[in-house]
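Source file entry-v8.cif; content: mmCIF, C-alpha atoms.
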data_input
#
loop_
_atom_site.group_PDB
_atom_site.id
_atom_site.type_symbol
_atom_site.label_atom_id
_atom_site.label_comp_id
_atom_site.auth_asym_id
_atom_site.auth_seq_id
_atom_site.Cartn_x
_atom_site.Cartn_y
_atom_site.Cartn_z
ATOM 1 C CA MET A 1 9.491 -19.733 -19.972
ATOM 2 C CA THR A 2 7.089 -18.973 -22.806
ATOM 3 C CA GLU A 3 8.661 -18.004 -26.136
ATOM 4 C CA ARG A 4 6.997 -14.964 -27.709
ATOM 5 C CA ASP A 5 7.124 -13.732 -31.283
ATOM 6 C CA ALA A 6 8.080 -10.116 -32.046
ATOM 7 C CA GLU A 7 4.446 -8.990 -32.083
ATOM 8 C CA GLY A 8 3.771 -10.612 -28.698
ATOM 9 C CA ILE A 9 6.886 -9.062 -27.181
ATOM 10 C CA GLU A 10 5.878 -5.628 -28.497
ATOM 11 C CA LEU A 11 2.423 -6.089 -26.917
ATOM 12 C CA ASP A 12 4.034 -7.028 -23.586
ATOM 13 C CA LEU A 13 6.310 -3.974 -23.712
ATOM 14 C CA ASN A 14 3.362 -1.712 -24.538
ATOM 15 C CA LEU A 15 1.418 -3.176 -21.605
ATOM 16 C CA ILE A 16 4.289 -2.350 -19.238
ATOM 17 C CA ARG A 17 4.534 1.227 -20.583
ATOM 18 C CA VAL A 18 0.797 1.812 -20.219
ATOM 19 C CA LEU A 19 0.702 0.242 -16.762
ATOM 20 C CA ARG A 20 3.701 2.267 -15.545
ATOM 21 C CA ASN A 21 2.258 5.521 -16.896
ATOM 22 C CA MET A 22 -1.188 4.862 -15.403
ATOM 23 C CA VAL A 23 0.274 3.999 -12.006
ATOM 24 C CA ASN A 24 2.451 7.137 -12.057
ATOM 25 C CA VAL A 25 -0.525 9.363 -12.920
ATOM 26 C CA LEU A 26 -2.782 7.666 -10.358
ATOM 27 C CA TYR A 27 -0.258 7.790 -7.527
ATOM 28 C CA THR A 28 0.651 11.406 -8.267
ATOM 29 C CA SER A 29 -3.029 12.345 -7.967
ATOM 30 C CA LEU A 30 -3.410 10.308 -4.758
ATOM 31 C CA GLU A 31 -0.342 11.953 -3.217
ATOM 32 C CA ARG A 32 -1.740 15.371 -4.135
ATOM 33 C CA ASP A 33 -4.997 14.464 -2.389
ATOM 34 C CA ILE A 34 -3.129 13.264 0.718
ATOM 35 C CA ASP A 35 -1.037 16.461 0.726
ATOM 36 C CA SER A 36 -4.260 18.495 0.764
ATOM 37 C CA TYR A 37 -4.921 17.141 4.283
ATOM 38 C CA GLY A 38 -1.544 18.389 5.521
ATOM 39 C CA ILE A 39 -0.240 14.854 6.074
ATOM 40 C CA SER A 40 2.810 13.257 4.485
ATOM 41 C CA ALA A 41 2.200 10.125 2.431
ATOM 42 C CA GLU A 42 4.251 8.087 4.935
ATOM 43 C CA ASN A 43 2.193 9.333 7.896
ATOM 44 C CA PHE A 44 -1.022 8.785 5.963
ATOM 45 C CA ARG A 45 -0.145 5.143 5.231
ATOM 46 C CA ILE A 46 0.561 4.453 8.910
ATOM 47 C CA LEU A 47 -2.592 6.239 10.083
ATOM 48 C CA GLU A 48 -4.630 4.398 7.446
ATOM 49 C CA LEU A 49 -3.225 1.041 8.595
ATOM 50 C CA LEU A 50 -4.138 1.788 12.205
ATOM 51 C CA TYR A 51 -7.541 3.138 11.160
ATOM 52 C CA ASN A 52 -8.469 0.094 9.087
ATOM 53 C CA ARG A 53 -6.672 -2.704 10.972
ATOM 54 C CA GLY A 54 -6.482 -1.446 14.533
ATOM 55 C CA PRO A 55 -3.437 -1.318 16.835
ATOM 56 C CA GLN A 56 -0.159 -2.654 15.423
ATOM 57 C CA THR A 57 3.325 -3.221 16.795
ATOM 58 C CA ILE A 58 6.199 -1.108 15.464
ATOM 59 C CA GLN A 59 7.648 -4.306 13.987
ATOM 60 C CA ARG A 60 4.395 -5.059 12.137
ATOM 61 C CA ILE A 61 4.204 -1.508 10.768
ATOM 62 C CA SER A 62 7.836 -1.779 9.697
ATOM 63 C CA GLU A 63 7.222 -5.100 7.914
ATOM 64 C CA THR A 64 3.998 -3.885 6.277
ATOM 65 C CA PHE A 65 5.731 -0.951 4.612
ATOM 66 C CA SER A 66 9.252 -2.441 4.290
ATOM 67 C CA ILE A 67 10.692 0.467 6.227
ATOM 68 C CA PRO A 68 13.447 -0.044 8.844
ATOM 69 C CA SER A 69 12.073 -0.156 12.391
ATOM 70 C CA GLY A 70 14.261 2.798 13.423
ATOM 71 C CA SER A 71 12.650 4.970 10.765
ATOM 72 C CA ILE A 72 9.157 3.824 11.734
ATOM 73 C CA THR A 73 9.942 4.575 15.388
ATOM 74 C CA TYR A 74 10.897 8.135 14.407
ATOM 75 C CA VAL A 75 7.670 8.575 12.385
ATOM 76 C CA VAL A 76 5.551 7.140 15.224
ATOM 77 C CA ASP A 77 7.303 9.503 17.667
ATOM 78 C CA LYS A 78 6.285 12.445 15.481
ATOM 79 C CA LEU A 79 2.687 11.187 15.174
ATOM 80 C CA GLU A 80 2.610 10.693 18.950
ATOM 81 C CA ASN A 81 3.856 14.266 19.500
ATOM 82 C CA LYS A 82 0.997 15.495 17.270
ATOM 83 C CA GLY A 83 -1.451 13.576 19.477
ATOM 84 C CA LEU A 84 -2.607 11.270 16.646
ATOM 85 C CA VAL A 85 -1.258 7.964 17.986
ATOM 86 C CA GLU A 86 -0.254 6.477 21.300
ATOM 87 C CA ARG A 87 1.825 3.547 22.422
ATOM 88 C CA ILE A 88 -0.009 0.961 24.491
ATOM 89 C CA PRO A 89 1.956 -1.725 26.381
ATOM 90 C CA ILE A 90 1.190 -5.326 25.410
ATOM 91 C CA PRO A 91 0.300 -7.270 28.567
ATOM 92 C CA GLY A 92 2.813 -10.006 29.285
ATOM 93 C CA ASP A 93 5.525 -8.632 26.949
ATOM 94 C CA ARG A 94 7.319 -5.573 28.296
ATOM 95 C CA ARG A 95 9.505 -5.330 25.187
ATOM 96 C CA LYS A 96 6.629 -4.680 22.770
ATOM 97 C CA THR A 97 3.971 -2.019 22.512
ATOM 98 C CA ASN A 98 1.073 -1.507 20.183
ATOM 99 C CA VAL A 99 0.653 1.734 18.315
ATOM 100 C CA SER A 100 -2.964 2.862 18.299
ATOM 101 C CA LEU A 101 -4.904 5.885 17.115
ATOM 102 C CA THR A 102 -5.804 8.328 19.858
ATOM 103 C CA ALA A 103 -9.325 9.725 20.024
ATOM 104 C CA ALA A 104 -8.018 12.774 18.128
ATOM 105 C CA GLY A 105 -6.353 10.543 15.515
ATOM 106 C CA GLN A 106 -9.544 8.515 15.119
ATOM 107 C CA SER A 107 -11.635 11.652 14.792
ATOM 108 C CA SER A 108 -9.231 13.130 12.253
ATOM 109 C CA PHE A 109 -9.240 9.997 10.125
ATOM 110 C CA ASP A 110 -13.024 9.646 10.470
ATOM 111 C CA HIS A 111 -13.087 12.963 8.620
ATOM 112 C CA ILE A 112 -10.246 12.338 6.137
ATOM 113 C CA PHE A 113 -10.607 8.697 5.106
ATOM 114 C CA PRO A 114 -14.114 8.779 3.587
ATOM 115 C CA LYS A 115 -13.100 11.785 1.476
ATOM 116 C CA HIS A 116 -9.942 10.030 0.327
ATOM 117 C CA ALA A 117 -11.851 6.822 -0.467
ATOM 118 C CA GLN A 118 -14.314 8.867 -2.542
ATOM 119 C CA PHE A 119 -11.391 10.547 -4.314
ATOM 120 C CA ILE A 120 -10.003 7.119 -5.213
ATOM 121 C CA SER A 121 -13.400 6.050 -6.545
ATOM 122 C CA ASP A 122 -13.596 9.222 -8.616
ATOM 123 C CA GLN A 123 -10.136 8.569 -10.056
ATOM 124 C CA LEU A 124 -11.108 5.011 -11.003
ATOM 125 C CA SER A 125 -14.542 5.940 -12.355
ATOM 126 C CA PHE A 126 -13.360 5.690 -15.961
ATOM 127 C CA ALA A 127 -13.679 1.895 -15.807
ATOM 128 C CA THR A 128 -16.840 -0.093 -15.129
ATOM 129 C CA ASP A 129 -17.108 -2.378 -12.117
ATOM 130 C CA GLU A 130 -16.884 -5.360 -14.475
ATOM 131 C CA GLU A 131 -13.677 -3.994 -16.006
ATOM 132 C CA LYS A 132 -12.230 -3.414 -12.530
ATOM 133 C CA LEU A 133 -13.042 -6.989 -11.493
ATOM 134 C CA GLU A 134 -11.395 -8.317 -14.664
ATOM 135 C CA LEU A 135 -8.354 -6.097 -14.089
ATOM 136 C CA ILE A 136 -8.056 -7.350 -10.505
ATOM 137 C CA HIS A 137 -8.246 -10.933 -11.776
ATOM 138 C CA VAL A 138 -5.610 -10.385 -14.474
ATOM 139 C CA MET A 139 -3.236 -8.450 -12.201
ATOM 140 C CA LYS A 140 -3.442 -11.180 -9.532
ATOM 141 C CA LYS A 141 -2.834 -13.824 -12.184
ATOM 142 C CA ILE A 142 0.306 -12.034 -13.381
ATOM 143 C CA GLY A 143 1.501 -11.220 -9.846
ATOM 144 C CA TYR A 144 1.064 -14.739 -8.492
ATOM 145 C CA GLY A 145 2.611 -16.179 -11.656
ATOM 146 C CA ILE A 146 5.721 -14.044 -11.201
ATOM 147 C CA LYS A 147 5.872 -14.825 -7.474
ATOM 148 C CA ASN A 148 5.624 -18.569 -8.130
ATOM 149 C CA ARG A 149 8.258 -18.427 -10.882
ATOM 150 C CA VAL A 150 10.668 -16.607 -8.572
ATOM 151 C CA ALA A 151 10.041 -19.192 -5.833
ATOM 152 C CA GLU A 152 10.680 -22.023 -8.321
ATOM 153 C CA ASP A 153 13.878 -20.353 -9.542
ATOM 154 C CA ASN A 154 15.062 -19.884 -5.954
ATOM 155 C CA GLN A 155 14.305 -23.534 -5.194
ATOM 156 C CA LYS A 156 16.304 -24.648 -8.247
ATOM 157 C CA GLN A 157 19.259 -22.540 -7.114
ATOM 158 C CA GLU A 158 19.169 -24.150 -3.655
ATOM 159 C CA ASP A 159 19.124 -27.681 -5.106
#
Written as structure tokens, that's how I'd like the structure from this file.
Amino acid sequence: MTERDAEGIELDLNLIRVLRNMVNVLYTSLERDIDSYGISAENFRILELLYNRGPQTIQRISETFSIPSGSITYVVDKLENKGLVERIPIPGDRRKTNVSLTAAGQSSFDHIFPKHAQFISDQLSFATDEEKLELIHVMKKIGYGIKNRVAEDNQKQED
């Protein structure tokens, strides 16, 4: 672990405060935008996954969002009742089905998603593309560093 002086620690704490506040403000605005389409944030995330990645199993949806499969099943049931998704059997495996957008779900998201993507771009327009690329680089560096440190610590505990 890297030892930091008081000034360095204060900088790190300030970074966390600024990051937390920015994320809270950004996500609040994104949730408000999603609400304007009459869709819950949970439903939106599932519909967006299906829209951008195609059909998914309940298990995959559950793992993607770290939500228990029983809860995802309930949400998918509700989306199915609204005619936005359908379950499609997977050939050769009667225990699993894919969840896919229906034509109505596809049409709805064809309308919603470009507007939402533009809203995101508008919200992030205060930074230049170069600044965004640098931020992506730095955030990945920090994230992977933490992930690797945790893995190393877990390995030490197992030894």
Using the chain letters and residue numbers of this document, give as a PDB file with C-alpha atoms, in the coordinates of the input the residues selected by the PyMOL selection byres ((chain A and resi 57-70) around 6).
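What follows is the written file expr15.pdb:
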ATOM      1  CA  GLN A  56      -0.159  -2.654  15.423  1.00  0.00           C
ATOM      2  CA  SER A  71      12.650   4.970  10.765  1.00  0.00           C
ATOM      3  CA  ILE A  72       9.157   3.824  11.734  1.00  0.00           C
ATOM      4  CA  THR A  73       9.942   4.575  15.388  1.00  0.00           C
ATOM      5  CA  THR A  97       3.971  -2.019  22.512  1.00  0.00           C
ATOM      6  CA  ASN A  98       1.073  -1.507  20.183  1.00  0.00           C
ATOM      7  CA  VAL A  99       0.653   1.734  18.315  1.00  0.00           C
TER       8      VAL A  99
END
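Among the candidates A:Glu42, A:Thr2, A:Arg53, A:Arg95, the one nearest to A:Val76 when counting all atoms listed in the file is A:Glu42.
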In the coordinate frame of the file, compute which residues have an atom within 8 Å of (1.0, 9.9, 10.1) when using all atoms listed in the file, and state them as a VMD selection string. chain A and resid 39 to 47 75 to 76 78 to 79 84
Around (-12.6, 18.0, 5.4) in the file's own coordinates, what residues are found within 12 Å if you use all atoms listed in the file, given back as a PyMOL selection string? chain A and resi 33-34+36-38+107-116
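Between A:Asp122 and the residues A:Gln157, A:Ser29, A:Asn148, A:Asn14, the shortest atom-to-atom distance, using all atoms listed in the file, involves A:Ser29.
Shortest separation to A:Tyr27 among A:Ser125, A:Phe119, A:Lys147, A:Glu134 occurs at residue A:Phe119, atoms counted being only C-alpha atoms.
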State, in Å with one decimal place, the distance from atom CA of A:Glu31 to atom CA of A:Leu49. 16.3 Å
Completed stretch 71-82 of chain A (all heavy atoms) as a PDB file, keeping the file's coordinate frame:
ATOM      1  N   SER A  71      13.346   3.898  11.480  1.00  0.00           N
ATOM      2  CA  SER A  71      12.650   4.970  10.765  1.00  0.00           C
ATOM      3  C   SER A  71      11.188   5.030  11.173  1.00  0.00           C
ATOM      4  O   SER A  71      10.628   6.118  11.349  1.00  0.00           O
ATOM      5  CB  SER A  71      12.753   4.765   9.251  1.00  0.00           C
ATOM      6  OG  SER A  71      14.095   4.817   8.829  1.00  0.00           O
ATOM      7  N   ILE A  72      10.560   3.863  11.318  1.00  0.00           N
ATOM      8  CA  ILE A  72       9.157   3.824  11.734  1.00  0.00           C
ATOM      9  C   ILE A  72       9.031   4.387  13.152  1.00  0.00           C
ATOM     10  O   ILE A  72       8.092   5.129  13.451  1.00  0.00           O
ATOM     11  CB  ILE A  72       8.587   2.388  11.654  1.00  0.00           C
ATOM     12  CG1 ILE A  72       8.433   1.959  10.194  1.00  0.00           C
ATOM     13  CG2 ILE A  72       7.253   2.285  12.378  1.00  0.00           C
ATOM     14  CD1 ILE A  72       7.432   2.752   9.393  1.00  0.00           C
ATOM     15  N   THR A  73       9.967   4.053  14.017  1.00  0.00           N
ATOM     16  CA  THR A  73       9.942   4.575  15.388  1.00  0.00           C
ATOM     17  C   THR A  73       9.962   6.094  15.369  1.00  0.00           C
ATOM     18  O   THR A  73       9.203   6.745  16.095  1.00  0.00           O
ATOM     19  CB  THR A  73      11.134   4.021  16.199  1.00  0.00           C
ATOM     20  OG1 THR A  73      11.023   2.598  16.250  1.00  0.00           O
ATOM     21  CG2 THR A  73      11.165   4.585  17.607  1.00  0.00           C
ATOM     22  N   TYR A  74      10.805   6.676  14.528  1.00  0.00           N
ATOM     23  CA  TYR A  74      10.897   8.135  14.407  1.00  0.00           C
ATOM     24  C   TYR A  74       9.561   8.716  13.933  1.00  0.00           C
ATOM     25  O   TYR A  74       9.074   9.701  14.492  1.00  0.00           O
ATOM     26  CB  TYR A  74      12.023   8.495  13.434  1.00  0.00           C
ATOM     27  CG  TYR A  74      12.107   9.968  13.123  1.00  0.00           C
ATOM     28  CD1 TYR A  74      12.633  10.859  14.059  1.00  0.00           C
ATOM     29  CD2 TYR A  74      11.681  10.475  11.904  1.00  0.00           C
ATOM     30  CE1 TYR A  74      12.715  12.215  13.784  1.00  0.00           C
ATOM     31  CE2 TYR A  74      11.758  11.818  11.616  1.00  0.00           C
ATOM     32  CZ  TYR A  74      12.275  12.694  12.561  1.00  0.00           C
ATOM     33  OH  TYR A  74      12.344  14.034  12.277  1.00  0.00           O
ATOM     34  N   VAL A  75       8.942   8.097  12.916  1.00  0.00           N
ATOM     35  CA  VAL A  75       7.670   8.575  12.385  1.00  0.00           C
ATOM     36  C   VAL A  75       6.582   8.455  13.448  1.00  0.00           C
ATOM     37  O   VAL A  75       5.780   9.377  13.642  1.00  0.00           O
ATOM     38  CB  VAL A  75       7.271   7.811  11.103  1.00  0.00           C
ATOM     39  CG1 VAL A  75       5.873   8.179  10.654  1.00  0.00           C
ATOM     40  CG2 VAL A  75       8.271   8.088   9.983  1.00  0.00           C
ATOM     41  N   VAL A  76       6.550   7.330  14.162  1.00  0.00           N
ATOM     42  CA  VAL A  76       5.551   7.140  15.224  1.00  0.00           C
ATOM     43  C   VAL A  76       5.763   8.171  16.336  1.00  0.00           C
ATOM     44  O   VAL A  76       4.787   8.727  16.864  1.00  0.00           O
ATOM     45  CB  VAL A  76       5.579   5.691  15.767  1.00  0.00           C
ATOM     46  CG1 VAL A  76       4.757   5.562  17.047  1.00  0.00           C
ATOM     47  CG2 VAL A  76       5.073   4.724  14.703  1.00  0.00           C
ATOM     48  N   ASP A  77       7.023   8.464  16.667  1.00  0.00           N
ATOM     49  CA  ASP A  77       7.303   9.503  17.667  1.00  0.00           C
ATOM     50  C   ASP A  77       6.676  10.829  17.246  1.00  0.00           C
ATOM     51  O   ASP A  77       6.050  11.527  18.055  1.00  0.00           O
ATOM     52  CB  ASP A  77       8.813   9.698  17.851  1.00  0.00           C
ATOM     53  CG  ASP A  77       9.484   8.577  18.616  1.00  0.00           C
ATOM     54  OD1 ASP A  77       8.768   7.760  19.249  1.00  0.00           O
ATOM     55  OD2 ASP A  77      10.733   8.508  18.569  1.00  0.00           O
ATOM     56  N   LYS A  78       6.836  11.181  15.979  1.00  0.00           N
ATOM     57  CA  LYS A  78       6.285  12.445  15.481  1.00  0.00           C
ATOM     58  C   LYS A  78       4.749  12.430  15.519  1.00  0.00           C
ATOM     59  O   LYS A  78       4.123  13.426  15.892  1.00  0.00           O
ATOM     60  CB  LYS A  78       6.792  12.730  14.070  1.00  0.00           C
ATOM     61  CG  LYS A  78       8.282  13.093  14.032  1.00  0.00           C
ATOM     62  CD  LYS A  78       8.789  13.300  12.636  1.00  0.00           C
ATOM     63  CE  LYS A  78       8.295  14.627  12.119  1.00  0.00           C
ATOM     64  NZ  LYS A  78       8.891  14.984  10.823  1.00  0.00           N
ATOM     65  N   LEU A  79       4.149  11.295  15.130  1.00  0.00           N
ATOM     66  CA  LEU A  79       2.687  11.187  15.174  1.00  0.00           C
ATOM     67  C   LEU A  79       2.185  11.236  16.625  1.00  0.00           C
ATOM     68  O   LEU A  79       1.122  11.801  16.902  1.00  0.00           O
ATOM     69  CB  LEU A  79       2.220   9.895  14.498  1.00  0.00           C
ATOM     70  CG  LEU A  79       2.365   9.848  12.978  1.00  0.00           C
ATOM     71  CD1 LEU A  79       2.106   8.441  12.452  1.00  0.00           C
ATOM     72  CD2 LEU A  79       1.425  10.852  12.321  1.00  0.00           C
ATOM     73  N   GLU A  80       2.966  10.673  17.532  1.00  0.00           N
ATOM     74  CA  GLU A  80       2.610  10.693  18.950  1.00  0.00           C
ATOM     75  C   GLU A  80       2.680  12.134  19.477  1.00  0.00           C
ATOM     76  O   GLU A  80       1.790  12.575  20.220  1.00  0.00           O
ATOM     77  CB  GLU A  80       3.544   9.772  19.730  1.00  0.00           C
ATOM     78  CG  GLU A  80       3.095   9.481  21.136  1.00  0.00           C
ATOM     79  CD  GLU A  80       3.951   8.404  21.788  1.00  0.00           C
ATOM     80  OE1 GLU A  80       5.160   8.285  21.479  1.00  0.00           O
ATOM     81  OE2 GLU A  80       3.400   7.680  22.637  1.00  0.00           O
ATOM     82  N   ASN A  81       3.722  12.868  19.072  1.00  0.00           N
ATOM     83  CA  ASN A  81       3.856  14.266  19.500  1.00  0.00           C
ATOM     84  C   ASN A  81       2.713  15.135  18.977  1.00  0.00           C
ATOM     85  O   ASN A  81       2.347  16.128  19.607  1.00  0.00           O
ATOM     86  CB  ASN A  81       5.202  14.841  19.046  1.00  0.00           C
ATOM     87  CG  ASN A  81       6.368  14.254  19.805  1.00  0.00           C
ATOM     88  OD1 ASN A  81       6.207  13.752  20.922  1.00  0.00           O
ATOM     89  ND2 ASN A  81       7.546  14.284  19.211  1.00  0.00           N
ATOM     90  N   LYS A  82       2.139  14.760  17.833  1.00  0.00           N
ATOM     91  CA  LYS A  82       0.997  15.495  17.270  1.00  0.00           C
ATOM     92  C   LYS A  82      -0.320  15.063  17.916  1.00  0.00           C
ATOM     93  O   LYS A  82      -1.375  15.610  17.603  1.00  0.00           O
ATOM     94  CB  LYS A  82       0.908  15.268  15.760  1.00  0.00           C
ATOM     95  CG  LYS A  82       2.027  15.909  14.979  1.00  0.00           C
ATOM     96  CD  LYS A  82       1.878  15.619  13.494  1.00  0.00           C
ATOM     97  CE  LYS A  82       3.025  16.226  12.714  1.00  0.00           C
ATOM     98  NZ  LYS A  82       2.911  15.937  11.278  1.00  0.00           N
TER      99      LYS A  82
END
